[in-house]
$ cat final.cif   # mmCIF, C-alpha atoms
data_my_file
loop_
_atom_site.label_atom_id
_atom_site.label_comp_id
_atom_site.auth_asym_id
_atom_site.auth_seq_id
_atom_site.Cartn_x
_atom_site.Cartn_y
_atom_site.Cartn_z
CA MET A 4 77.65 -19.25 31.63
CA ALA A 5 76.65 -19.34 27.96
CA GLY A 6 72.92 -19.69 28.62
CA SER A 7 72.69 -16.88 31.17
CA GLY A 8 74.92 -14.71 28.99
CA LEU A 9 72.58 -15.06 26.03
CA VAL A 10 69.69 -13.96 28.26
CA PHE A 11 71.63 -10.76 28.96
CA VAL A 12 72.40 -10.23 25.27
CA GLY A 13 68.70 -10.34 24.48
CA TYR A 14 67.92 -7.97 27.32
CA VAL A 15 70.54 -5.35 26.44
CA LEU A 16 69.35 -5.31 22.82
CA LEU A 17 65.78 -4.63 23.94
CA HIS A 18 66.98 -2.07 26.49
CA MET A 19 69.04 -0.34 23.80
CA TYR A 20 65.96 -0.10 21.58
CA GLY A 21 64.03 1.49 24.43
CA ASN A 22 66.77 4.02 25.12
CA LEU A 23 66.77 5.09 21.48
CA LYS A 24 63.19 6.22 22.01
CA THR A 25 64.66 9.38 23.54
CA LEU A 26 65.49 10.47 19.99
CA ALA A 27 61.75 10.53 19.24
CA GLY A 28 61.04 13.05 22.00
CA GLU A 29 59.51 13.24 25.44
CA GLU A 30 56.05 11.94 24.60
CA ALA A 31 57.35 8.89 22.72
CA PHE A 32 59.84 7.94 25.43
CA ASN A 33 57.42 8.42 28.33
CA THR A 34 54.70 6.50 26.47
CA TYR A 35 57.16 3.64 25.97
CA ALA A 36 58.13 3.73 29.67
CA HIS A 37 54.47 3.71 30.69
CA HIS A 38 53.62 0.79 28.41
CA LEU A 39 56.38 -1.29 29.96
CA ARG A 40 54.37 -1.14 33.18
CA THR A 41 50.95 -1.77 31.64
CA PHE A 42 51.94 -4.30 28.97
CA GLY A 43 49.77 -7.42 29.18
CA GLU A 44 46.96 -5.88 31.21
CA PRO A 45 44.42 -7.10 32.22
CA ILE A 46 45.85 -10.63 31.90
CA LEU A 47 48.92 -9.47 33.81
CA PRO A 48 48.76 -7.07 36.77
CA TYR A 49 50.32 -3.61 36.66
CA GLU A 50 54.09 -4.04 36.15
CA GLY A 51 53.49 -7.79 35.74
CA LEU A 52 55.72 -8.08 32.68
CA LEU A 53 58.44 -6.01 34.34
CA TRP A 54 58.48 -8.32 37.34
CA ILE A 55 58.69 -11.39 35.12
CA VAL A 56 61.67 -9.82 33.35
CA ARG A 57 63.23 -8.85 36.68
CA VAL A 58 62.92 -12.37 38.08
CA VAL A 59 64.41 -13.87 34.92
CA LEU A 60 67.31 -11.40 35.06
CA ILE A 61 67.94 -12.04 38.77
CA VAL A 62 68.06 -15.80 38.15
CA ALA A 63 70.36 -15.21 35.17
CA VAL A 64 72.67 -12.98 37.26
CA ILE A 65 72.90 -15.62 40.00
CA GLY A 66 73.63 -18.32 37.43
CA HIS A 67 76.17 -16.18 35.59
CA VAL A 68 78.05 -15.18 38.72
CA TYR A 69 78.03 -18.75 40.05
CA ALA A 70 79.37 -20.05 36.74
CA ALA A 71 82.03 -17.33 36.66
CA PHE A 72 83.33 -18.20 40.13
CA ALA A 73 83.17 -21.92 39.38
CA LEU A 74 85.22 -21.48 36.21
CA TRP A 75 87.59 -19.11 37.99
CA SER A 76 88.17 -21.68 40.74
CA ARG A 77 88.54 -24.54 38.27
CA ALA A 78 91.08 -22.60 36.21
CA GLY A 79 93.10 -21.73 39.30
CA THR A 80 93.15 -25.36 40.44
CA ALA A 81 94.08 -26.77 37.05
CA ARG A 82 96.83 -24.28 36.25
CA ARG A 83 99.92 -24.03 38.42
CA THR A 84 101.93 -21.94 35.96
CA LYS A 85 101.23 -18.57 34.41
CA TYR A 86 99.63 -18.31 31.00
CA ALA A 87 102.13 -18.63 28.21
CA ALA A 88 100.14 -16.23 26.06
CA ALA A 89 99.88 -12.74 27.53
CA LYS A 90 96.92 -11.95 25.28
CA THR A 91 94.90 -14.86 26.66
CA ALA A 92 95.79 -13.92 30.22
CA MET A 93 94.75 -10.31 29.65
CA ARG A 94 91.45 -11.33 28.08
CA THR A 95 90.64 -13.70 30.93
CA ALA A 96 91.46 -11.09 33.56
CA TRP A 97 89.35 -8.54 31.73
CA MET A 98 86.33 -10.86 31.59
CA ARG A 99 86.62 -11.38 35.35
CA TRP A 100 87.25 -7.84 36.56
CA GLY A 101 85.27 -6.22 33.77
CA GLY A 102 82.33 -8.31 34.91
CA VAL A 103 82.77 -7.08 38.48
CA PHE A 104 82.83 -3.47 37.24
CA LEU A 105 79.66 -4.08 35.23
CA ILE A 106 77.84 -5.47 38.26
CA LEU A 107 78.79 -2.39 40.29
CA PHE A 108 77.65 -0.12 37.47
CA ILE A 109 74.33 -1.97 37.14
CA VAL A 110 73.68 -1.48 40.87
CA TRP A 111 74.39 2.26 40.50
CA HIS A 112 72.31 2.44 37.32
CA LEU A 113 69.30 0.81 39.00
CA LEU A 114 69.56 3.04 42.06
CA HIS A 115 69.76 6.12 39.87
CA PHE A 116 67.08 5.51 37.23
CA THR A 117 64.76 2.90 38.76
CA ILE A 118 64.81 2.77 42.56
CA MET A 119 65.64 6.26 43.81
CA LYS A 120 64.98 8.24 40.60
CA ILE A 121 67.05 11.20 41.78
CA SER A 122 68.60 13.60 39.28
CA VAL A 123 72.35 14.15 39.61
CA ASN A 124 71.95 17.48 37.83
CA PRO A 125 71.86 20.34 40.37
CA ASP A 126 69.94 22.47 37.87
CA ALA A 127 67.16 19.87 37.53
CA GLN A 128 65.79 18.56 40.82
CA GLY A 129 62.42 17.79 42.34
CA PRO A 130 59.38 15.56 41.84
CA ASP A 131 58.73 16.83 38.32
CA ILE A 132 62.03 15.30 37.21
CA GLU A 133 61.69 12.15 39.33
CA ASN A 134 58.23 11.40 37.92
CA ASN A 135 59.17 12.09 34.31
CA PRO A 136 61.48 9.38 32.87
CA TYR A 137 62.45 11.44 29.83
CA GLN A 138 63.36 14.52 31.85
CA LEU A 139 65.32 12.40 34.34
CA VAL A 140 67.37 10.84 31.55
CA VAL A 141 68.01 14.18 29.83
CA ALA A 142 68.91 15.99 33.06
CA SER A 143 71.28 13.19 34.08
CA PHE A 144 73.26 13.05 30.85
CA GLN A 145 73.65 16.80 30.73
CA VAL A 146 76.17 16.17 33.54
CA ARG A 147 79.56 15.36 32.02
CA TRP A 148 80.84 13.03 34.74
CA MET A 149 77.63 11.03 34.55
CA THR A 150 77.99 10.59 30.81
CA LEU A 151 81.66 9.66 31.23
CA ILE A 152 80.83 6.90 33.73
CA TYR A 153 78.15 5.62 31.38
CA LEU A 154 80.56 5.56 28.42
CA LEU A 155 83.20 3.75 30.46
CA ALA A 156 80.60 1.15 31.39
CA LEU A 157 79.71 0.82 27.70
CA GLY A 158 83.36 0.18 26.91
CA ALA A 159 83.44 -2.55 29.53
CA LEU A 160 80.19 -3.99 28.21
CA GLY A 161 81.44 -3.97 24.63
CA LEU A 162 84.60 -5.91 25.48
CA HIS A 163 82.59 -8.33 27.61
CA LEU A 164 80.07 -8.90 24.84
CA ALA A 165 82.64 -9.34 22.08
CA HIS A 166 84.34 -12.20 23.90
CA GLY A 167 81.21 -13.48 25.64
CA VAL A 168 79.09 -13.85 22.49
CA PHE A 169 81.97 -15.64 20.78
CA SER A 170 82.55 -17.92 23.77
CA ALA A 171 78.84 -18.76 23.99
CA GLN A 172 78.88 -19.89 20.37
CA GLN A 173 82.01 -21.92 21.07
CA THR A 174 80.33 -23.57 24.06
CA LEU A 175 77.30 -24.42 21.93
CA GLY A 176 79.49 -26.08 19.31
CA LEU A 177 79.15 -23.45 16.61
CA THR A 178 82.88 -22.94 15.94
CA GLY A 179 83.89 -26.36 14.65
CA THR A 180 85.46 -25.17 11.39
CA PRO A 181 87.73 -22.22 10.57
CA ALA A 182 84.89 -20.51 8.70
CA LYS A 183 82.48 -20.98 11.62
CA TYR A 184 85.17 -19.78 14.04
CA ARG A 185 85.66 -16.57 12.05
CA ARG A 186 81.90 -16.11 11.79
CA ALA A 187 81.53 -16.50 15.55
CA LYS A 188 84.26 -13.91 16.18
CA ALA A 189 82.64 -11.51 13.71
CA THR A 190 79.24 -12.01 15.33
CA GLY A 191 80.66 -11.24 18.77
CA ASN A 192 82.31 -8.07 17.51
CA ALA A 193 79.19 -7.00 15.60
CA VAL A 194 76.89 -7.46 18.60
CA ALA A 195 79.32 -5.55 20.82
CA ALA A 196 79.63 -2.68 18.33
CA LEU A 197 75.85 -2.47 17.83
CA VAL A 198 75.18 -2.35 21.57
CA VAL A 199 77.90 0.19 22.36
CA VAL A 200 76.92 2.54 19.54
CA GLY A 201 73.19 2.15 20.19
CA PHE A 202 73.54 2.89 23.89
CA ALA A 203 76.01 5.74 23.35
CA ILE A 204 73.87 7.74 20.93
CA PRO A 205 71.26 9.10 23.43
CA PRO A 206 73.67 10.30 26.17
CA LEU A 207 76.04 11.87 23.64
CA ALA A 208 73.14 13.56 21.85
CA ILE A 209 71.97 14.94 25.21
CA LEU A 210 75.44 16.04 26.29
CA PHE A 211 76.02 17.97 23.04
CA GLY A 212 72.60 19.60 23.17
CA LEU A 213 70.93 17.70 20.32
CA ILE A 214 68.27 16.48 22.78
CA LYS A 215 66.94 18.98 25.31
#
$ encode --input "final.cif" --output "structure tokens"
Amino acid sequence: MAGSGLVFVGYVLLHMYGNLKTLAGEEAFNTYAHHLRTFGEPILPYEGLLWIVRVVLIVAVIGHVYAAFALWSRAGTARRTKYAAAKTAMRTAWMRWGGVFLILFIVWHLLHFTIMKISVNPDAQGPDIENNPYQLVVASFQVRWMTLIYLLALGALGLHLAHGVFSAQQTLGLTGTPAKYRRAKATGNAVAALVVVGFAIPPLAILFGLIK
């Protein structure tokens, strides 16, 4: 659980950096998107790096989900009474069901921006949008319900990261003293805040007309 989770933390930080390229304009963002597919050529084939990343992420997803269900089953077997602490029970339930929500969002996100590449904006349709990553992103987040779904997913991701980053450090033995425990909690909260704010800036800037 900890190992696969850290893979995702690294990925979302890199993905956040890429999304912030929208602030630099159409040419910068589309150049970045193009280089993701050509990075490593000619040593790697076209989209070679992307496929390596995809395979690593798929393996990490399988490992993370397997670990989640294994821990869920183990907790249910070991505990015959309800949690005494409501806060702990709420956090555990959120990590489980928040994770399920994130998986569903990721499927939708991939279908929208990677696989189908179809704009949800009725005022911006057609191959010109589908073949232009920057225009697809801008057209999509001009739609309020699309931005709302994205922000809700960011909220879920932030809560998941805050607890997950802390728990990963705990699993790796980095919380052995009160000072280290507080540092681990602060690190989890800082990573979550950075990711949520970093991912939220582009869609909000688009929605409010700062990016067109």
$ closest_residue --input "final.cif" --among "A:Ser122, A:Thr178, A:Thr34, A:Thr190" --to "Val141 of chain A" --atoms "all atoms listed in the file"
A:Ser122
$ resolve_selection --input "final.cif" --expression "the PyMOL selection byres ((chain A and resi 109) around 12)" --output "list of chain:residue names"
A:Val15, A:Leu60, A:Val64, A:Gly102, A:Val103, A:Phe104, A:Leu105, A:Ile106, A:Leu107, A:Phe108, A:Val110, A:Trp111, A:His112, A:Leu113, A:Leu114, A:His115, A:Phe116, A:Thr117, A:Ile118, A:Ile152, A:Tyr153, A:Ala156, A:Leu157, A:Ala159, A:Leu160
$ write_last_selection --input "final.cif" --atoms "C-alpha atoms" --output "JSON list (two decimals), in the coordinates of the input"
[["chain", "number", "residue", "atom", "x", "y", "z"],
["A", 15, "VAL", "CA", 70.54, -5.35, 26.44],
["A", 60, "LEU", "CA", 67.31, -11.40, 35.06],
["A", 64, "VAL", "CA", 72.67, -12.98, 37.26],
["A", 102, "GLY", "CA", 82.33, -8.31, 34.91],
["A", 103, "VAL", "CA", 82.77, -7.08, 38.48],
["A", 104, "PHE", "CA", 82.83, -3.47, 37.24],
["A", 105, "LEU", "CA", 79.66, -4.08, 35.23],
["A", 106, "ILE", "CA", 77.84, -5.47, 38.26],
["A", 107, "LEU", "CA", 78.79, -2.39, 40.29],
["A", 108, "PHE", "CA", 77.65, -0.12, 37.47],
["A", 110, "VAL", "CA", 73.68, -1.48, 40.87],
["A", 111, "TRP", "CA", 74.39, 2.26, 40.50],
["A", 112, "HIS", "CA", 72.31, 2.44, 37.32],
["A", 113, "LEU", "CA", 69.30, 0.81, 39.00],
["A", 114, "LEU", "CA", 69.56, 3.04, 42.06],
["A", 115, "HIS", "CA", 69.76, 6.12, 39.87],
["A", 116, "PHE", "CA", 67.08, 5.51, 37.23],
["A", 117, "THR", "CA", 64.76, 2.90, 38.76],
["A", 118, "ILE", "CA", 64.81, 2.77, 42.56],
["A", 152, "ILE", "CA", 80.83, 6.90, 33.73],
["A", 153, "TYR", "CA", 78.15, 5.62, 31.38],
["A", 156, "ALA", "CA", 80.60, 1.15, 31.39],
["A", 157, "LEU", "CA", 79.71, 0.82, 27.70],
["A", 159, "ALA", "CA", 83.44, -2.55, 29.53],
["A", 160, "LEU", "CA", 80.19, -3.99, 28.21]]
$ axis_aligned_box --input "final.cif" --around "segment 130-135 of chain A" --padding-each-side "5 Å" --output "AutoDock Vina command-line options"
--center_x 60.1 --center_y 14.1 --center_z 38.1 --size_x 13.8 --size_y 15.4 --size_z 17.5
$ atom_distance --input "final.cif" --atom1 "atom CA of His163 of chain A" --atom2 "atom CA of Ser7 of chain A"
13.6 Å
$ residues_around --input "final.cif" --residues "Tyr35 of chain A" --least-positions-apart "3" --cutoff "8 Å" --atoms "only C-alpha atoms" --output "list of chain:residue names"
A:Gly21, A:Lys24, A:Ala31, A:Phe32, A:His38, A:Leu39
$ residues_around --input "final.cif" --residues "segment 127-140 of chain A" --least-positions-apart "6" --cutoff "6 Å" --atoms "all atoms listed in the file" --output "number ranges by chain"
A: 29, 120-121
$ closest_residue --input "final.cif" --among "A:Asn192, A:Ser76, A:Asn33, A:Asn124" --to "Ala165 of chain A" --atoms "only C-alpha atoms"
A:Asn192
$ resolve_selection --input "final.cif" --expression "the PyMOL selection byres ((chain A and resi 162) around 12)" --output "VMD selection string"
chain A and resid 93 to 102 105 155 to 161 163 to 169 191 to 196 198 to 199
$ atom_distance --input "final.cif" --atom1 "atom CA of Gly6 of chain A" --atom2 "atom CA of Phe72 of chain A"
15.6 Å
$ residues_around --input "final.cif" --residues "Glu50 of chain A" --least-positions-apart "3" --cutoff "10 Å" --atoms "only C-alpha atoms" --output "list in words"
His37, His38, Leu39, Arg40, Thr41, Phe42, Gly43, Glu44, Leu47, Leu53, Trp54, Ile55 and Val56 of chain A
$ atom_distance --input "final.cif" --atom1 "atom CA of Gly13 of chain A" --atom2 "atom CA of Leu177 of chain A"
18.5 Å
